[in-house]
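Written out below as structure tokens is the structure these notes cover.
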Amino acid sequence: MGETYTDEPGGEGATGEGWVTDERVRWAGLAVSLLFTALILGFIALILYEYVNYDLLVSVVPRFAVAFVRVLAVVVISSVLAVTLGVFVGLGRVSRTSLTHSIATAYVQFFRGTPLLFQLFIIYLGVPSLWEAGQFPINQNWTVVQDVLWIDWSFITAVIALTLNHAAYVGEAVKGGINAVPEGQMEAARSLGMSYVDSMQEIILPQAWRNALAAIGNDQVILVKDTSLLTVIAFPEILTVFREINSNQFDAWTPIVLVAVTYLAITLPLMHLVQYLENRAEWGRGDEDEEGGPGSWLSWGGDR
Amino acid sequence: MSDATDEIDETGETAAMDDPATGEPMVEFDGVNKYFGSAHVLKDVDLAVDAEEVVVVVGPSGSGKSTLLRCANRLEEIQSGQVRIAGEPITAPGVDVNRLRQRVGMVFQHFNLFPHKTALANVTLAPVRVRGLREDEARRRGEELLTEVGLGDQLDSYPAELSGGQKQRVAIARALAMDPDVMLFDEVTSALDPELVGEVLEVMRGLAREGMTMLVVTHEMGFAREVGDRVVLMSEGRIVETGPPREFFDAPETERAQQFLSRVL
């Protein structure tokens, strides 16, 4: 990021007076980032060398692997459902039917306007209490993989809450993506005799999807991290394992290292997937359009 | 789909559709008034474009000529009057506007090609999606049309890989793929580099020669004079003069036309 803008023309004397020249800012940026990197790498080396108990680390890897599988299952299901539902929320947000629009807006306002933790409680505690005590039908576990993955009320709650919550954010991203498609696209499609639905499906949504991909991907990364809240509904996720090990073994840094690795094992591939999808949507080397599309000088070499 | 065919039978306009020579004008504006908020942009406009006629609309910016064109396929709603396509009112409430739009091709100033589809896919999309043409038929027809506009070697190019002139020719092919009865051209050369204007006008000239009914909004006075059967001058939302190009350019009747021509020629 730091190097992105430094090749711009007008360097010599552009700012004229003062000691803040482009050249000096560039060197300062480089110095600060190198210093920062050195500090972090030094710290990590210290931790790995002095504070990590490798016997313990090896012995608890399986417990993190199990948490990884559970969290991944929730993330994959919730993410697919959230993006699917989010597309419809986004369509509702751009609908010209006022009732549809109002309902979609209220949905987004509620799920963005209240904490996810609260939404988890509504479903986890609120829904079962609609039944007489002990009558709630979902009280058993369906085992998928023995001792690793099972589906119980906390799992179902996690999927429902994460889906509903993130569909609201995806919906806003989709709405922004739709609005960023030039109006002429809809006009061209309609002028060919295509219906509104066909035009949306064939013309507007594929372009909106491309426009919204970065924001949607960002939200899915947040969804992964939001699973850390599931510990409060007794879902054995990654930080639950951390706390167990931390309190039983009086060791912080060994499980911390494993927590970082486990989350990154989900988020890094996800970020790469989003990048891959973005690259794939560069129809014919991008968008240097006369109509001033997103591909302007502002995004030079910007690999976000 | 079945709704559309039902409607044809009900309105009994099939004869006019199949036979453009029934004397019914292809496009007819009848006392059209259009407002944008409080701005009165079309004032009692009457205009009829006959089959195989090329009508060129000229006039200063903001005179309402593009709006008039956009009313012909109901991209703009009008507040009073009527617009008819081969006798069928497109402005009537409850009319199947998607069916009537298939008969009216439109080409835009900014091309509006679908950037996520290749040139060929831009051309074949609507015939397959709207008219239910088989994929291979649409493909053959699309290749034929793109070859006709000189882009037989760019079938698989994306719009971002084409020049402005090439994009506009794809846009023309895309509109023609629906076999429209009339083509609308909305300042189609205004966004082009000057050296690319010629190739687009050449395609339009060819269409006119083949007998396509055309309603053309343009600033290209040379094209208006050479290809137009009739020139229409608009000013402040009104048609102020209309006539054959020779008369219009060489002996304009109204003062407004003389003034306009003295500025643009």
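By convention in this document, the chains of the structure tokens carry letters A, B, ... by their order, each chain's residues are numbered from 1, and ligands are numbered from 1 in the order they are shown.
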Give the residues of chain B that lie within 9 Å of chain A; count only C-alpha atoms, and format the answer as a short mmCIF file (atom, residue, chain, number, x, y, z; two decimals) with N, CA and C atoms, in the first residue's frame.
```
data_model
loop_
_atom_site.label_atom_id
_atom_site.label_comp_id
_atom_site.auth_asym_id
_atom_site.auth_seq_id
_atom_site.Cartn_x
_atom_site.Cartn_y
_atom_site.Cartn_z
N ASN B 73 -39.47 4.41 -27.44
CA ASN B 73 -39.53 3.04 -26.91
C ASN B 73 -39.83 3.07 -25.41
N ARG B 74 -40.38 4.17 -24.99
CA ARG B 74 -40.87 4.32 -23.62
C ARG B 74 -39.78 4.16 -22.56
N LEU B 75 -38.56 4.57 -22.91
CA LEU B 75 -37.56 4.70 -21.84
C LEU B 75 -37.92 5.91 -20.99
N VAL B 97 -45.06 -3.60 -22.96
CA VAL B 97 -44.00 -2.75 -23.48
C VAL B 97 -42.80 -3.57 -23.95
N ASN B 98 -42.55 -4.71 -23.30
CA ASN B 98 -41.42 -5.55 -23.72
C ASN B 98 -41.60 -6.08 -25.14
N ARG B 99 -42.86 -6.39 -25.49
CA ARG B 99 -43.12 -6.90 -26.84
C ARG B 99 -42.91 -5.80 -27.87
N LEU B 100 -43.43 -4.58 -27.58
CA LEU B 100 -43.28 -3.50 -28.55
C LEU B 100 -41.82 -3.06 -28.68
N ARG B 101 -41.08 -3.11 -27.58
CA ARG B 101 -39.67 -2.68 -27.65
C ARG B 101 -38.84 -3.59 -28.55
N GLN B 102 -39.28 -4.85 -28.69
CA GLN B 102 -38.54 -5.74 -29.58
C GLN B 102 -38.56 -5.24 -31.01
N ARG B 103 -39.55 -4.41 -31.34
CA ARG B 103 -39.67 -3.93 -32.72
C ARG B 103 -38.93 -2.63 -32.93
N VAL B 104 -38.38 -2.09 -31.83
CA VAL B 104 -37.71 -0.80 -31.90
C VAL B 104 -36.27 -0.98 -31.42
N GLY B 105 -35.32 -0.95 -32.34
CA GLY B 105 -33.92 -1.06 -31.93
C GLY B 105 -33.39 0.29 -31.49
N MET B 106 -32.50 0.30 -30.51
CA MET B 106 -31.96 1.59 -30.08
C MET B 106 -30.45 1.51 -29.91
N VAL B 107 -29.77 2.57 -30.37
CA VAL B 107 -28.32 2.67 -30.21
C VAL B 107 -28.05 3.96 -29.43
N PHE B 108 -27.17 3.85 -28.43
CA PHE B 108 -26.98 4.94 -27.48
C PHE B 108 -25.67 5.69 -27.72
N HIS B 110 -23.44 6.45 -25.48
CA HIS B 110 -22.34 5.81 -24.75
C HIS B 110 -22.35 4.29 -24.90
N PHE B 111 -22.83 3.81 -26.02
CA PHE B 111 -22.79 2.39 -26.43
C PHE B 111 -23.62 1.49 -25.52
N ASN B 112 -23.36 1.60 -24.19
CA ASN B 112 -24.04 0.73 -23.23
C ASN B 112 -23.92 -0.75 -23.59
N LEU B 113 -22.75 -1.14 -24.10
CA LEU B 113 -22.53 -2.57 -24.30
C LEU B 113 -22.44 -3.24 -22.94
N PHE B 114 -22.75 -4.53 -22.90
CA PHE B 114 -22.67 -5.26 -21.65
C PHE B 114 -21.21 -5.68 -21.44
N PRO B 115 -20.51 -5.09 -20.48
CA PRO B 115 -19.05 -5.27 -20.39
C PRO B 115 -18.63 -6.67 -20.02
N HIS B 116 -19.55 -7.45 -19.44
CA HIS B 116 -19.17 -8.79 -19.00
C HIS B 116 -19.46 -9.84 -20.05
N LYS B 117 -19.86 -9.37 -21.24
CA LYS B 117 -20.16 -10.33 -22.31
C LYS B 117 -19.33 -9.99 -23.54
N THR B 118 -18.96 -11.02 -24.29
CA THR B 118 -18.20 -10.79 -25.52
C THR B 118 -19.09 -10.09 -26.54
N LEU B 125 -27.64 -12.34 -26.85
CA LEU B 125 -28.37 -12.45 -25.58
C LEU B 125 -29.88 -12.27 -25.73
N ALA B 126 -30.29 -11.12 -26.28
CA ALA B 126 -31.73 -10.84 -26.32
C ALA B 126 -32.49 -11.79 -27.25
N PRO B 127 -31.95 -12.11 -28.44
CA PRO B 127 -32.68 -13.06 -29.29
C PRO B 127 -32.96 -14.38 -28.58
N ARG B 129 -32.86 -14.89 -25.15
CA ARG B 129 -33.59 -14.68 -23.91
C ARG B 129 -35.03 -14.23 -24.16
N VAL B 130 -35.20 -13.35 -25.14
CA VAL B 130 -36.51 -12.73 -25.34
C VAL B 130 -37.32 -13.44 -26.42
N SER B 157 -14.16 -10.80 -28.56
CA SER B 157 -13.56 -9.70 -27.80
C SER B 157 -14.57 -9.16 -26.81
N TYR B 158 -14.06 -8.73 -25.66
CA TYR B 158 -14.90 -8.03 -24.70
C TYR B 158 -14.94 -6.55 -25.06
N PRO B 159 -16.01 -5.85 -24.68
CA PRO B 159 -16.11 -4.42 -25.01
C PRO B 159 -14.87 -3.62 -24.62
N ALA B 160 -14.24 -3.98 -23.48
CA ALA B 160 -13.07 -3.22 -23.03
C ALA B 160 -11.91 -3.35 -24.01
N GLU B 161 -11.96 -4.35 -24.89
CA GLU B 161 -10.87 -4.57 -25.84
C GLU B 161 -11.14 -3.92 -27.19
N GLY B 164 -13.87 2.74 -29.61
CA GLY B 164 -15.21 3.33 -29.56
C GLY B 164 -16.03 3.03 -30.79
N ARG B 174 -26.17 -5.47 -32.18
CA ARG B 174 -26.99 -5.99 -31.08
C ARG B 174 -28.46 -5.59 -31.26
N ALA B 175 -28.67 -4.33 -31.66
CA ALA B 175 -30.05 -3.87 -31.86
C ALA B 175 -30.67 -4.58 -33.07
N MET B 178 -32.49 -8.22 -33.07
CA MET B 178 -33.90 -8.44 -32.72
C MET B 178 -34.81 -8.23 -33.93
N ALA B 191 -19.73 10.49 -28.85
CA ALA B 191 -18.71 10.11 -27.86
C ALA B 191 -17.48 9.51 -28.53
#
```
Inset, instruction - Among the residues of stretch 133-191 of chain B, find those DSSP assigns to alpha helix (DSSP H) from the backbone and print them as a ChimeraX atom specification. - result: /B:135-148,164-176
Can those selected residues be exported to a file as a short mmCIF file (atom, residue, chain, number, x, y, z; two decimals), in the first residue's frame so that it contains N, CA and C atoms?
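That gives us result32.cif:
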```cif
data_model
loop_
_atom_site.label_atom_id
_atom_site.label_comp_id
_atom_site.auth_asym_id
_atom_site.auth_seq_id
_atom_site.Cartn_x
_atom_site.Cartn_y
_atom_site.Cartn_z
N GLU B 135 -29.82 -21.41 -29.40
CA GLU B 135 -28.47 -20.88 -29.20
C GLU B 135 -27.66 -20.85 -30.50
N ASP B 136 -27.71 -21.95 -31.25
CA ASP B 136 -26.88 -22.02 -32.47
C ASP B 136 -27.42 -21.11 -33.57
N GLU B 137 -28.75 -20.98 -33.63
CA GLU B 137 -29.33 -20.05 -34.61
C GLU B 137 -28.90 -18.63 -34.30
N ALA B 138 -29.02 -18.27 -33.01
CA ALA B 138 -28.67 -16.91 -32.59
C ALA B 138 -27.20 -16.64 -32.88
N ARG B 139 -26.39 -17.66 -32.65
CA ARG B 139 -24.96 -17.52 -32.87
C ARG B 139 -24.67 -17.26 -34.35
N ARG B 140 -25.33 -18.04 -35.20
CA ARG B 140 -25.10 -17.87 -36.64
C ARG B 140 -25.52 -16.48 -37.09
N ARG B 141 -26.68 -16.07 -36.63
CA ARG B 141 -27.20 -14.74 -36.99
C ARG B 141 -26.29 -13.64 -36.42
N GLY B 142 -25.79 -13.86 -35.20
CA GLY B 142 -24.91 -12.88 -34.57
C GLY B 142 -23.61 -12.73 -35.34
N GLU B 143 -23.04 -13.86 -35.76
CA GLU B 143 -21.80 -13.81 -36.53
C GLU B 143 -22.02 -13.07 -37.85
N GLU B 144 -23.18 -13.36 -38.44
CA GLU B 144 -23.54 -12.71 -39.71
C GLU B 144 -23.61 -11.19 -39.53
N LEU B 145 -24.30 -10.77 -38.47
CA LEU B 145 -24.49 -9.34 -38.24
C LEU B 145 -23.16 -8.66 -37.91
N LEU B 146 -22.35 -9.29 -37.07
CA LEU B 146 -21.07 -8.68 -36.71
C LEU B 146 -20.16 -8.62 -37.93
N THR B 147 -20.25 -9.62 -38.79
CA THR B 147 -19.47 -9.57 -40.02
C THR B 147 -19.95 -8.42 -40.90
N GLU B 148 -21.26 -8.25 -40.95
CA GLU B 148 -21.83 -7.16 -41.74
C GLU B 148 -21.33 -5.78 -41.30
N GLY B 164 -13.87 2.74 -29.61
CA GLY B 164 -15.21 3.33 -29.56
C GLY B 164 -16.03 3.03 -30.79
N GLY B 165 -15.38 3.15 -31.95
CA GLY B 165 -16.11 2.89 -33.19
C GLY B 165 -16.54 1.43 -33.29
N GLN B 166 -15.66 0.53 -32.83
CA GLN B 166 -16.01 -0.88 -32.86
C GLN B 166 -17.15 -1.18 -31.88
N LYS B 167 -17.08 -0.55 -30.69
CA LYS B 167 -18.15 -0.75 -29.71
C LYS B 167 -19.49 -0.33 -30.29
N GLN B 168 -19.47 0.83 -30.95
CA GLN B 168 -20.74 1.33 -31.46
C GLN B 168 -21.28 0.43 -32.57
N ARG B 169 -20.38 -0.17 -33.34
CA ARG B 169 -20.86 -1.08 -34.39
C ARG B 169 -21.42 -2.37 -33.78
N VAL B 170 -20.80 -2.83 -32.67
CA VAL B 170 -21.38 -3.97 -31.96
C VAL B 170 -22.78 -3.60 -31.46
N ALA B 171 -22.91 -2.37 -30.94
CA ALA B 171 -24.20 -1.94 -30.41
C ALA B 171 -25.26 -1.93 -31.51
N ILE B 172 -24.86 -1.53 -32.70
CA ILE B 172 -25.81 -1.53 -33.82
C ILE B 172 -26.21 -2.96 -34.15
N ALA B 173 -25.20 -3.86 -34.22
CA ALA B 173 -25.49 -5.26 -34.50
C ALA B 173 -26.41 -5.85 -33.44
N ARG B 174 -26.17 -5.47 -32.18
CA ARG B 174 -26.99 -5.99 -31.08
C ARG B 174 -28.46 -5.59 -31.26
N ALA B 175 -28.67 -4.33 -31.66
CA ALA B 175 -30.05 -3.87 -31.86
C ALA B 175 -30.67 -4.58 -33.07
N LEU B 176 -29.87 -4.75 -34.13
CA LEU B 176 -30.40 -5.38 -35.35
C LEU B 176 -30.76 -6.84 -35.13
#
```
Legend entry - strand (DSSP E or B) call set, DSSP backbone run, stretch 34-229 of chain B, as a PyMOL selection string: chain B and resi 34-36+39-49+54-58+80-85+88-89+104-107+182-186+213-217
Inset, instruction - For stretch 107-111 of chain A, work out the shell of residues within 12 Å, counting only C-alpha atoms and skipping chain neighbours fewer than 6 positions away, then give it as a PyMOL selection string. - result: chain A and resi 85-86+88-90+92-93+100-101+117-120+122+161-173+175
Inset, instruction - Do a neighbour search on B:Val217 at 9 Å with only C-alpha atoms, toss out local chain neighbours closer than 4 positions, and write the hits as a PyMOL selection string. - result: chain B and resi 55-59+65-66+69+184-188
Given the selection you just returned, output its residues as a file containing all heavy atoms, formatted as an mmCIF file, in the first residue's frame.
```cif
data_model
loop_
_atom_site.group_PDB
_atom_site.id
_atom_site.type_symbol
_atom_site.label_atom_id
_atom_site.label_comp_id
_atom_site.auth_asym_id
_atom_site.auth_seq_id
_atom_site.Cartn_x
_atom_site.Cartn_y
_atom_site.Cartn_z
ATOM 1 N N VAL B 55 -35.499 9.734 -40.822
ATOM 2 C CA VAL B 55 -35.771 11.073 -40.307
ATOM 3 C C VAL B 55 -34.630 11.464 -39.371
ATOM 4 O O VAL B 55 -34.295 10.715 -38.446
ATOM 5 C CB VAL B 55 -37.124 11.133 -39.566
ATOM 6 C CG1 VAL B 55 -37.305 12.474 -38.875
ATOM 7 C CG2 VAL B 55 -38.262 10.865 -40.534
ATOM 8 N N VAL B 56 -34.023 12.619 -39.648
ATOM 9 C CA VAL B 56 -32.904 13.066 -38.835
ATOM 10 C C VAL B 56 -33.357 14.243 -37.986
ATOM 11 O O VAL B 56 -33.902 15.216 -38.512
ATOM 12 C CB VAL B 56 -31.709 13.474 -39.718
ATOM 13 C CG1 VAL B 56 -30.537 13.916 -38.842
ATOM 14 C CG2 VAL B 56 -31.297 12.320 -40.613
ATOM 15 N N VAL B 57 -33.170 14.130 -36.682
ATOM 16 C CA VAL B 57 -33.569 15.204 -35.779
ATOM 17 C C VAL B 57 -32.321 15.970 -35.378
ATOM 18 O O VAL B 57 -31.360 15.384 -34.862
ATOM 19 C CB VAL B 57 -34.264 14.643 -34.521
ATOM 20 C CG1 VAL B 57 -34.762 15.774 -33.642
ATOM 21 C CG2 VAL B 57 -35.401 13.726 -34.912
ATOM 22 N N VAL B 58 -32.330 17.273 -35.629
ATOM 23 C CA VAL B 58 -31.196 18.106 -35.229
ATOM 24 C C VAL B 58 -31.698 19.202 -34.298
ATOM 25 O O VAL B 58 -32.913 19.415 -34.148
ATOM 26 C CB VAL B 58 -30.489 18.727 -36.459
ATOM 27 C CG1 VAL B 58 -29.960 17.644 -37.379
ATOM 28 C CG2 VAL B 58 -31.428 19.661 -37.208
ATOM 29 N N GLY B 59 -30.771 19.897 -33.697
ATOM 30 C CA GLY B 59 -31.158 20.980 -32.802
ATOM 31 C C GLY B 59 -30.109 21.167 -31.730
ATOM 32 O O GLY B 59 -29.263 20.293 -31.522
ATOM 33 N N LYS B 65 -34.401 16.669 -28.218
ATOM 34 C CA LYS B 65 -34.376 15.670 -29.285
ATOM 35 C C LYS B 65 -34.083 14.264 -28.770
ATOM 36 O O LYS B 65 -34.716 13.300 -29.192
ATOM 37 C CB LYS B 65 -33.419 16.074 -30.409
ATOM 38 C CG LYS B 65 -32.040 16.515 -29.983
ATOM 39 C CD LYS B 65 -31.356 17.223 -31.139
ATOM 40 C CE LYS B 65 -29.840 17.338 -30.886
ATOM 41 N NZ LYS B 65 -29.484 17.919 -29.571
ATOM 42 N N SER B 66 -33.147 14.145 -27.806
ATOM 43 C CA SER B 66 -32.886 12.814 -27.244
ATOM 44 C C SER B 66 -34.082 12.312 -26.445
ATOM 45 O O SER B 66 -34.409 11.120 -26.488
ATOM 46 C CB SER B 66 -31.653 12.848 -26.341
ATOM 47 O OG SER B 66 -30.489 12.884 -27.126
ATOM 48 N N LEU B 69 -36.615 10.857 -28.728
ATOM 49 C CA LEU B 69 -36.215 9.530 -29.168
ATOM 50 C C LEU B 69 -36.520 8.495 -28.083
ATOM 51 O O LEU B 69 -37.023 7.405 -28.361
ATOM 52 C CB LEU B 69 -34.714 9.550 -29.472
ATOM 53 C CG LEU B 69 -34.196 8.539 -30.469
ATOM 54 C CD1 LEU B 69 -34.773 8.841 -31.835
ATOM 55 C CD2 LEU B 69 -32.677 8.598 -30.527
ATOM 56 N N LEU B 184 -33.592 3.457 -33.651
ATOM 57 C CA LEU B 184 -33.397 4.781 -33.067
ATOM 58 C C LEU B 184 -31.907 4.984 -32.822
ATOM 59 O O LEU B 184 -31.254 4.117 -32.237
ATOM 60 C CB LEU B 184 -34.155 4.893 -31.735
ATOM 61 C CG LEU B 184 -35.617 4.461 -31.710
ATOM 62 C CD1 LEU B 184 -36.148 4.480 -30.281
ATOM 63 C CD2 LEU B 184 -36.453 5.365 -32.602
ATOM 64 N N PHE B 185 -31.379 6.101 -33.254
ATOM 65 C CA PHE B 185 -29.958 6.393 -33.029
ATOM 66 C C PHE B 185 -29.840 7.686 -32.220
ATOM 67 O O PHE B 185 -30.217 8.754 -32.691
ATOM 68 C CB PHE B 185 -29.233 6.554 -34.368
ATOM 69 C CG PHE B 185 -29.141 5.285 -35.168
ATOM 70 C CD1 PHE B 185 -30.168 4.926 -36.038
ATOM 71 C CD2 PHE B 185 -28.041 4.451 -35.060
ATOM 72 C CE1 PHE B 185 -30.089 3.761 -36.782
ATOM 73 C CE2 PHE B 185 -27.957 3.285 -35.799
ATOM 74 C CZ PHE B 185 -28.978 2.930 -36.661
ATOM 75 N N ASP B 186 -29.306 7.565 -31.007
ATOM 76 C CA ASP B 186 -29.248 8.723 -30.115
ATOM 77 C C ASP B 186 -27.825 9.278 -30.034
ATOM 78 O O ASP B 186 -27.029 8.823 -29.218
ATOM 79 C CB ASP B 186 -29.740 8.313 -28.721
ATOM 80 C CG ASP B 186 -29.881 9.504 -27.793
ATOM 81 O OD1 ASP B 186 -29.717 10.653 -28.264
ATOM 82 O OD2 ASP B 186 -30.149 9.286 -26.599
ATOM 83 N N GLU B 187 -27.513 10.227 -30.907
ATOM 84 C CA GLU B 187 -26.176 10.854 -30.937
ATOM 85 C C GLU B 187 -25.067 9.811 -30.881
ATOM 86 O O GLU B 187 -24.140 9.897 -30.075
ATOM 87 C CB GLU B 187 -26.019 11.819 -29.757
ATOM 88 C CG GLU B 187 -27.041 12.941 -29.806
ATOM 89 C CD GLU B 187 -26.670 14.101 -28.886
ATOM 90 O OE1 GLU B 187 -25.469 14.273 -28.619
ATOM 91 O OE2 GLU B 187 -27.586 14.819 -28.470
ATOM 92 N N VAL B 188 -25.157 8.842 -31.771
ATOM 93 C CA VAL B 188 -24.294 7.675 -31.655
ATOM 94 C C VAL B 188 -22.832 7.961 -31.993
ATOM 95 O O VAL B 188 -21.967 7.124 -31.722
ATOM 96 C CB VAL B 188 -24.803 6.507 -32.529
ATOM 97 C CG1 VAL B 188 -26.167 6.053 -32.043
ATOM 98 C CG2 VAL B 188 -24.864 6.904 -33.997
#
```
Legend entry - All residues 9 Å or closer to stretch 62-79 of chain A, only C-alpha atoms, same chain fewer than 5 positions away omitted, as number ranges by chain: A: 84, 147-150, 155-156, 158-164, 166-167, 220, 223-224, 227, 235-242, 255, 258-259, 262-263, 265-266
Legend entry - Residues within 10 Å of stretch 225-228 of chain B, only C-alpha atoms, excluding chain neighbours under 3 positions, as a PyMOL selection string: chain B and resi 53-57+201+204-206+208-209+214-216+220-222+231-232+243-249
Selection export as a PDB file, in the first residue's frame, atoms kept: N, CA and C atoms:
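part21.pdb, written as the output of this step:
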```pdb
ATOM      1  N   GLU B  53     -38.410   5.196 -44.047  1.00  0.00           N
ATOM      2  CA  GLU B  53     -37.982   6.589 -44.084  1.00  0.00           C
ATOM      3  C   GLU B  53     -36.837   6.816 -43.100  1.00  0.00           C
ATOM      4  N   VAL B  54     -35.927   7.736 -43.432  1.00  0.00           N
ATOM      5  CA  VAL B  54     -34.871   8.119 -42.501  1.00  0.00           C
ATOM      6  C   VAL B  54     -35.130   9.567 -42.082  1.00  0.00           C
ATOM      7  N   VAL B  55     -35.499   9.734 -40.822  1.00  0.00           N
ATOM      8  CA  VAL B  55     -35.771  11.073 -40.307  1.00  0.00           C
ATOM      9  C   VAL B  55     -34.630  11.464 -39.371  1.00  0.00           C
ATOM     10  N   VAL B  56     -34.023  12.619 -39.648  1.00  0.00           N
ATOM     11  CA  VAL B  56     -32.904  13.066 -38.835  1.00  0.00           C
ATOM     12  C   VAL B  56     -33.357  14.243 -37.986  1.00  0.00           C
ATOM     13  N   VAL B  57     -33.170  14.130 -36.682  1.00  0.00           N
ATOM     14  CA  VAL B  57     -33.569  15.204 -35.779  1.00  0.00           C
ATOM     15  C   VAL B  57     -32.321  15.970 -35.378  1.00  0.00           C
ATOM     16  N   LEU B 201     -20.878   5.886 -39.214  1.00  0.00           N
ATOM     17  CA  LEU B 201     -21.818   6.480 -40.183  1.00  0.00           C
ATOM     18  C   LEU B 201     -21.953   5.592 -41.410  1.00  0.00           C
ATOM     19  N   MET B 204     -24.444   2.993 -40.768  1.00  0.00           N
ATOM     20  CA  MET B 204     -25.802   3.563 -40.777  1.00  0.00           C
ATOM     21  C   MET B 204     -26.259   3.860 -42.192  1.00  0.00           C
ATOM     22  N   ARG B 205     -25.325   4.332 -42.998  1.00  0.00           N
ATOM     23  CA  ARG B 205     -25.640   4.614 -44.399  1.00  0.00           C
ATOM     24  C   ARG B 205     -26.099   3.318 -45.081  1.00  0.00           C
ATOM     25  N   GLY B 206     -25.374   2.235 -44.806  1.00  0.00           N
ATOM     26  CA  GLY B 206     -25.733   0.943 -45.383  1.00  0.00           C
ATOM     27  C   GLY B 206     -27.133   0.504 -44.979  1.00  0.00           C
ATOM     28  N   ALA B 208     -29.622   2.429 -44.081  1.00  0.00           N
ATOM     29  CA  ALA B 208     -30.615   3.276 -44.764  1.00  0.00           C
ATOM     30  C   ALA B 208     -30.817   2.794 -46.188  1.00  0.00           C
ATOM     31  N   ARG B 209     -29.722   2.404 -46.822  1.00  0.00           N
ATOM     32  CA  ARG B 209     -29.789   1.925 -48.197  1.00  0.00           C
ATOM     33  C   ARG B 209     -30.627   0.653 -48.290  1.00  0.00           C
ATOM     34  N   MET B 214     -35.494   4.658 -39.927  1.00  0.00           N
ATOM     35  CA  MET B 214     -34.552   5.177 -38.943  1.00  0.00           C
ATOM     36  C   MET B 214     -34.975   6.541 -38.425  1.00  0.00           C
ATOM     37  N   LEU B 215     -34.839   6.700 -37.109  1.00  0.00           N
ATOM     38  CA  LEU B 215     -35.034   7.999 -36.486  1.00  0.00           C
ATOM     39  C   LEU B 215     -33.702   8.327 -35.822  1.00  0.00           C
ATOM     40  N   VAL B 216     -33.049   9.371 -36.333  1.00  0.00           N
ATOM     41  CA  VAL B 216     -31.656   9.617 -35.972  1.00  0.00           C
ATOM     42  C   VAL B 216     -31.502  10.994 -35.336  1.00  0.00           C
ATOM     43  N   GLU B 220     -24.218  15.432 -36.790  1.00  0.00           N
ATOM     44  CA  GLU B 220     -23.494  15.296 -38.054  1.00  0.00           C
ATOM     45  C   GLU B 220     -24.360  15.832 -39.188  1.00  0.00           C
ATOM     46  N   MET B 221     -24.151  17.121 -39.531  1.00  0.00           N
ATOM     47  CA  MET B 221     -25.011  17.731 -40.545  1.00  0.00           C
ATOM     48  C   MET B 221     -24.778  17.119 -41.917  1.00  0.00           C
ATOM     49  N   GLY B 222     -23.530  16.685 -42.180  1.00  0.00           N
ATOM     50  CA  GLY B 222     -23.230  16.048 -43.463  1.00  0.00           C
ATOM     51  C   GLY B 222     -24.073  14.788 -43.642  1.00  0.00           C
ATOM     52  N   VAL B 231     -35.462  16.181 -42.534  1.00  0.00           N
ATOM     53  CA  VAL B 231     -34.737  16.734 -41.395  1.00  0.00           C
ATOM     54  C   VAL B 231     -35.732  17.462 -40.508  1.00  0.00           C
ATOM     55  N   VAL B 232     -35.606  17.252 -39.220  1.00  0.00           N
ATOM     56  CA  VAL B 232     -36.501  17.887 -38.253  1.00  0.00           C
ATOM     57  C   VAL B 232     -35.643  18.719 -37.317  1.00  0.00           C
ATOM     58  N   GLY B 243     -38.415  19.305 -43.099  1.00  0.00           N
ATOM     59  CA  GLY B 243     -38.434  19.307 -44.552  1.00  0.00           C
ATOM     60  C   GLY B 243     -37.354  18.425 -45.111  1.00  0.00           C
ATOM     61  N   PRO B 244     -37.362  18.217 -46.429  1.00  0.00           N
ATOM     62  CA  PRO B 244     -36.303  17.435 -47.058  1.00  0.00           C
ATOM     63  C   PRO B 244     -34.962  18.142 -46.835  1.00  0.00           C
ATOM     64  N   PRO B 245     -33.878  17.391 -46.738  1.00  0.00           N
ATOM     65  CA  PRO B 245     -32.593  17.992 -46.380  1.00  0.00           C
ATOM     66  C   PRO B 245     -32.174  19.135 -47.305  1.00  0.00           C
ATOM     67  N   ARG B 246     -32.401  18.950 -48.581  1.00  0.00           N
ATOM     68  CA  ARG B 246     -31.957  19.983 -49.510  1.00  0.00           C
ATOM     69  C   ARG B 246     -32.608  21.334 -49.170  1.00  0.00           C
ATOM     70  N   GLU B 247     -33.942  21.283 -48.982  1.00  0.00           N
ATOM     71  CA  GLU B 247     -34.659  22.520 -48.641  1.00  0.00           C
ATOM     72  C   GLU B 247     -34.246  23.046 -47.277  1.00  0.00           C
ATOM     73  N   PHE B 248     -34.128  22.107 -46.333  1.00  0.00           N
ATOM     74  CA  PHE B 248     -33.824  22.529 -44.974  1.00  0.00           C
ATOM     75  C   PHE B 248     -32.469  23.218 -44.908  1.00  0.00           C
ATOM     76  N   PHE B 249     -31.478  22.630 -45.568  1.00  0.00           N
ATOM     77  CA  PHE B 249     -30.131  23.195 -45.455  1.00  0.00           C
ATOM     78  C   PHE B 249     -29.907  24.389 -46.375  1.00  0.00           C
TER      79      PHE B 249
END
```
Legend entry - Distance in Å - atom CA of B:Val182 versus atom CA of B:Glu24: 13.2 Å
Inset, instruction - Could you please determine the separation between atom CA of B:Leu151 and atom CA of B:Leu120 in Å, to one decimal place? - result: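 Going from atom CA of B:Leu151 over to atom CA of B:Leu120, I get 9.8 Å.
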